[in-house]
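> So here's model-v6.cif, just mmCIF, C-alpha atoms:
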data_upload
#
loop_
_atom_site.label_atom_id
_atom_site.label_comp_id
_atom_site.auth_asym_id
_atom_site.auth_seq_id
_atom_site.Cartn_x
_atom_site.Cartn_y
_atom_site.Cartn_z
CA MET M 127 -7.33 24.52 16.22
CA LYS M 128 -10.89 24.11 15.04
CA ILE M 129 -13.51 21.60 16.15
CA HIS M 130 -16.76 20.55 14.49
CA GLU M 131 -19.44 20.24 17.12
CA ASN M 132 -23.22 19.94 16.63
CA GLY M 133 -23.03 21.25 13.08
CA THR M 134 -20.90 24.29 13.90
CA ILE M 135 -17.18 24.93 13.60
CA ARG M 136 -15.51 26.76 16.45
CA ASP M 137 -12.05 27.37 17.91
CA MET M 138 -10.95 24.86 20.54
CA THR M 139 -10.18 26.20 24.00
CA VAL M 140 -6.72 25.86 25.51
CA GLU M 141 -8.07 23.24 27.92
CA GLU M 142 -9.58 21.17 25.08
CA ILE M 143 -6.32 21.25 23.12
CA SER M 144 -4.34 20.27 26.22
CA ALA M 145 -6.72 17.39 26.99
CA MET M 146 -6.54 16.16 23.38
CA GLN M 147 -2.72 16.22 23.43
CA GLU M 148 -2.63 14.35 26.75
CA GLU M 149 -4.94 11.68 25.33
CA GLN M 150 -2.69 11.30 22.28
CA LEU M 151 0.39 10.92 24.50
CA LYS M 152 -1.38 8.23 26.57
CA MET M 153 -2.26 6.30 23.42
CA GLU M 154 1.32 6.54 22.13
CA ARG M 155 2.70 5.21 25.43
CA ASN M 156 0.37 2.20 25.26
CA ILE M 157 1.41 1.05 21.78
CA GLU M 158 2.36 -2.62 21.90
CA PRO M 159 5.71 -3.48 20.30
CA LEU M 160 5.50 -5.59 17.15
CA THR M 161 5.94 -9.30 17.64
CA ASP M 162 8.17 -11.31 15.33
CA ASN M 163 5.07 -12.68 13.59
CA ASP M 164 3.75 -9.15 13.02
CA LYS M 165 7.11 -8.05 11.61
CA ILE M 166 7.22 -11.03 9.25
CA ALA M 167 3.63 -10.38 8.11
CA LEU M 168 4.49 -6.75 7.33
CA MET M 169 7.63 -7.76 5.48
CA LEU M 170 5.85 -10.39 3.41
CA ALA M 171 3.06 -7.94 2.53
CA GLY M 172 5.75 -6.01 0.65
CA TYR M 173 6.42 -9.05 -1.50
CA ARG M 174 2.89 -9.07 -2.91
CA ARG M 175 3.94 -10.42 -6.28
CA SER M 176 6.53 -12.92 -5.13
CA ARG M 177 6.62 -16.34 -3.59
CA TRP M 178 9.17 -18.43 -1.74
CA LYS M 179 10.71 -21.39 -3.54
CA PRO M 180 12.97 -24.02 -1.97
CA VAL M 181 16.42 -24.24 -3.56
CA TYR M 182 19.47 -26.39 -2.95
CA SER M 183 23.14 -25.56 -3.29
CA SER M 184 26.01 -27.86 -2.41
CA SER M 185 27.71 -25.17 -0.31
CA ALA M 186 24.67 -23.93 1.67
CA GLY M 187 22.28 -26.88 1.55
CA PHE M 188 18.56 -26.20 1.40
CA ALA M 189 17.28 -22.64 1.56
CA TRP M 190 14.33 -20.52 0.49
CA GLU M 191 14.61 -18.11 -2.41
CA LEU M 192 12.21 -15.28 -3.21
CA VAL M 193 11.07 -15.51 -6.84
CA GLU M 194 8.47 -13.63 -8.87
CA ASP M 195 5.06 -15.27 -8.80
CA PRO M 196 4.20 -16.27 -12.40
CA ASP M 197 0.47 -16.14 -11.59
CA ALA M 198 0.54 -12.68 -9.98
CA LEU M 199 -1.82 -10.09 -11.42
CA GLY M 200 -0.70 -6.56 -12.21
CA THR M 201 2.72 -7.53 -13.55
CA LEU M 202 4.21 -6.67 -16.92
CA LYS M 203 3.40 -10.19 -18.16
CA ASN M 204 -0.09 -10.25 -16.64
CA PRO M 205 -1.50 -6.69 -16.44
CA LEU M 206 -4.85 -5.85 -14.87
CA ARG M 207 -7.61 -4.58 -17.14
CA TRP M 208 -8.55 -1.07 -16.00
CA THR M 209 -12.01 0.41 -16.45
CA GLU M 210 -13.10 3.92 -15.59
CA GLY M 211 -13.88 4.48 -11.93
CA HIS M 212 -11.63 1.73 -10.58
CA GLU M 213 -8.84 2.41 -8.10
CA VAL M 214 -5.23 1.78 -9.15
CA ARG M 215 -2.19 0.85 -7.05
CA ALA M 216 1.27 2.31 -7.60
CA GLY M 217 3.64 -0.12 -9.30
CA TYR M 218 0.93 -2.32 -10.80
CA HIS M 219 0.57 -2.66 -14.57
CA TYR M 220 -2.77 -1.98 -16.30
CA THR M 221 -4.11 -2.27 -19.82
CA ASP M 222 -7.04 -0.84 -21.74
CA GLY M 223 -6.88 -3.73 -24.21
CA THR M 224 -4.38 -2.14 -26.60
CA HIS M 225 -1.79 -0.21 -24.56
CA LEU M 226 0.16 -1.10 -21.42
CA TYR M 227 0.52 1.36 -18.51
CA VAL M 228 2.14 1.40 -15.08
CA ALA M 229 0.40 3.14 -12.18
CA LEU M 230 2.44 5.95 -10.63
CA GLU M 231 0.21 6.64 -7.61
CA ASP M 232 -2.59 5.02 -5.63
CA GLY M 233 -6.02 6.48 -6.34
CA VAL M 234 -8.86 6.75 -8.84
CA PRO M 235 -7.72 8.28 -12.15
CA THR M 236 -10.08 10.05 -14.54
CA GLY M 237 -8.82 8.01 -17.50
CA MET M 238 -5.78 6.29 -19.01
CA SER M 239 -4.59 9.70 -20.23
CA ASP M 240 -4.31 10.96 -16.62
CA GLU M 241 -0.54 11.48 -16.34
CA THR M 242 -0.75 11.83 -12.56
CA TYR M 243 -1.65 8.14 -12.30
CA PHE M 244 -0.44 6.41 -15.49
CA ALA M 245 2.68 6.22 -17.64
CA GLU M 246 2.66 4.19 -20.85
CA VAL M 247 5.17 1.33 -20.87
#
I'd like the structure from this file rewritten - as structure tokens, please.

Amino acid sequence: MKIHENGTIRDMTVEEISAMQEEQLKMERNIEPLTDNDKIALMLAGYRRSRWKPVYSSSAGFAWELVEDPDALGTLKNPLRWTEGHEVRAGYHYTDGTHLYVALEDGVPTGMSDETYFAEV
């Protein structure tokens, strides 16, 4: 393994590698388990373009249903306007004013013709 130290790159000694691995193991042992609130926050972050709506059925009573947010940006109905130099997010829809595209990867594309990042819808 290499290390950058004081402007030079050198090979790490066996002792340095061993100490680094021990430190990593200590950190991994001290990871706090996720609380229920943390788990819910992570789950809801995945529903970035949805919202919960109360519904009623005679068999189940009141419940919450996940529905698409009509005001969400980056959807097929409401695409984001992309300009050169801006970052894109996978799954979001973008437009250049005339054509509609979906982002395939996160990152900064060179243009709408960059097939690594965009596919025309």
> Could you write out as number ranges by chain the residues that the PyMOL selection byres ((chain M and resi 188-196) around 8) matches in the shown file?
M: 175-183, 186-187, 197-198
> List the spatial neighbours of range 229-246 of chain M as a list of chain:residue names - criterion: any atom at most 12 Å away, all atoms listed in the file, same-chain residues fewer than 2 positions off excluded.
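Skipping anything fewer than 2 positions along the chain leaves M:Gly200, M:Thr201, M:Leu202, M:Pro205, M:Leu206, M:Arg207, M:Trp208, M:Thr209, M:Glu210, M:Gly211, M:His212, M:Glu213, M:Val214, M:Arg215, M:Ala216, M:Gly217, M:Tyr218, M:His219, M:Tyr220, M:Thr221, M:Asp222, M:Gly223, M:Thr224, M:His225, M:Leu226, M:Tyr227.
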> Skipping near chain neighbours, those fewer than 2 positions away, what residues fall within 12 Å of Met127 in chain M using all atoms listed in the file, listed as a list in words?
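In the requested format, the answer is Ile129, His130, Ile135, Arg136, Asp137, Met138, Thr139, Val140, Glu141, Glu142, Ile143, Ser144, Met146 and Gln147 of chain M.
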> What does the distance from CA of Glu149 in chain M to CA of Asn132 in chain M come to in Å, to one decimal?
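We find that CA of Glu149 in chain M and CA of Asn132 in chain M lie 21.9 Å from each other.
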> What is the CA of Glu131 in chain M-CA of Glu154 in chain M distance in Å, reported with one decimal?
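For CA of Glu131 in chain M relative to CA of Glu154 in chain M, the distance reads 25.4 Å.
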> Would you fill the gaps in range 222-247 of chain M so it has N, CA and C atoms, then print it as a compact mmCIF listing (two decimals), in the coordinates of the input?

# COMPACT_ATOMS: atom_id res chain seq x y z
N ASP M 222 -5.70 -1.19 -21.27
CA ASP M 222 -7.04 -0.84 -21.74
C ASP M 222 -7.43 -1.76 -22.89
N GLY M 223 -6.63 -2.78 -23.13
CA GLY M 223 -6.88 -3.73 -24.21
C GLY M 223 -5.90 -3.57 -25.36
N THR M 224 -5.33 -2.37 -25.51
CA THR M 224 -4.38 -2.14 -26.60
C THR M 224 -3.03 -1.63 -26.10
N HIS M 225 -3.03 -0.78 -25.08
CA HIS M 225 -1.79 -0.21 -24.56
C HIS M 225 -1.53 -0.70 -23.14
N LEU M 226 -0.25 -0.66 -22.75
CA LEU M 226 0.16 -1.10 -21.42
C LEU M 226 0.64 0.11 -20.62
N TYR M 227 0.18 0.23 -19.38
CA TYR M 227 0.52 1.36 -18.51
C TYR M 227 0.99 0.84 -17.16
N VAL M 228 1.76 1.67 -16.47
CA VAL M 228 2.14 1.40 -15.08
C VAL M 228 1.54 2.52 -14.23
N ALA M 229 0.99 2.15 -13.07
CA ALA M 229 0.40 3.14 -12.18
C ALA M 229 1.51 3.83 -11.38
N LEU M 230 1.43 5.16 -11.33
CA LEU M 230 2.44 5.95 -10.63
C LEU M 230 2.04 6.28 -9.20
N GLU M 231 0.73 6.31 -8.93
CA GLU M 231 0.21 6.64 -7.61
C GLU M 231 -1.02 5.80 -7.32
N ASP M 232 -1.33 5.65 -6.04
CA ASP M 232 -2.59 5.02 -5.63
C ASP M 232 -3.71 6.04 -5.79
N GLY M 233 -4.87 5.58 -6.24
CA GLY M 233 -6.02 6.48 -6.34
C GLY M 233 -6.95 6.09 -7.47
N VAL M 234 -7.87 6.99 -7.79
CA VAL M 234 -8.86 6.75 -8.84
C VAL M 234 -8.62 7.77 -9.96
N PRO M 235 -7.98 7.35 -11.06
CA PRO M 235 -7.72 8.28 -12.15
C PRO M 235 -8.99 8.57 -12.96
N THR M 236 -8.94 9.68 -13.70
CA THR M 236 -10.08 10.05 -14.54
C THR M 236 -10.08 9.27 -15.85
N GLY M 237 -8.93 8.78 -16.26
CA GLY M 237 -8.82 8.01 -17.50
C GLY M 237 -7.38 7.57 -17.70
N MET M 238 -7.15 6.77 -18.73
CA MET M 238 -5.78 6.29 -19.01
C MET M 238 -4.86 7.44 -19.40
N SER M 239 -5.42 8.56 -19.84
CA SER M 239 -4.59 9.70 -20.23
C SER M 239 -4.19 10.56 -19.03
N ASP M 240 -4.64 10.21 -17.84
CA ASP M 240 -4.31 10.96 -16.62
C ASP M 240 -2.85 10.70 -16.25
N GLU M 241 -1.98 11.67 -16.55
CA GLU M 241 -0.54 11.48 -16.34
C GLU M 241 -0.13 11.49 -14.88
N THR M 242 -1.04 11.89 -13.99
CA THR M 242 -0.75 11.83 -12.56
C THR M 242 -0.71 10.38 -12.11
N TYR M 243 -1.52 9.53 -12.73
CA TYR M 243 -1.65 8.14 -12.30
C TYR M 243 -1.00 7.13 -13.25
N PHE M 244 -0.92 7.42 -14.54
CA PHE M 244 -0.44 6.41 -15.49
C PHE M 244 0.73 6.91 -16.32
N ALA M 245 1.62 5.98 -16.65
CA ALA M 245 2.68 6.22 -17.64
C ALA M 245 2.66 5.01 -18.58
N GLU M 246 2.70 5.29 -19.88
CA GLU M 246 2.66 4.19 -20.85
C GLU M 246 4.01 3.49 -20.84
N VAL M 247 3.95 2.15 -20.90
CA VAL M 247 5.17 1.33 -20.87
C VAL M 247 5.63 1.07 -22.30
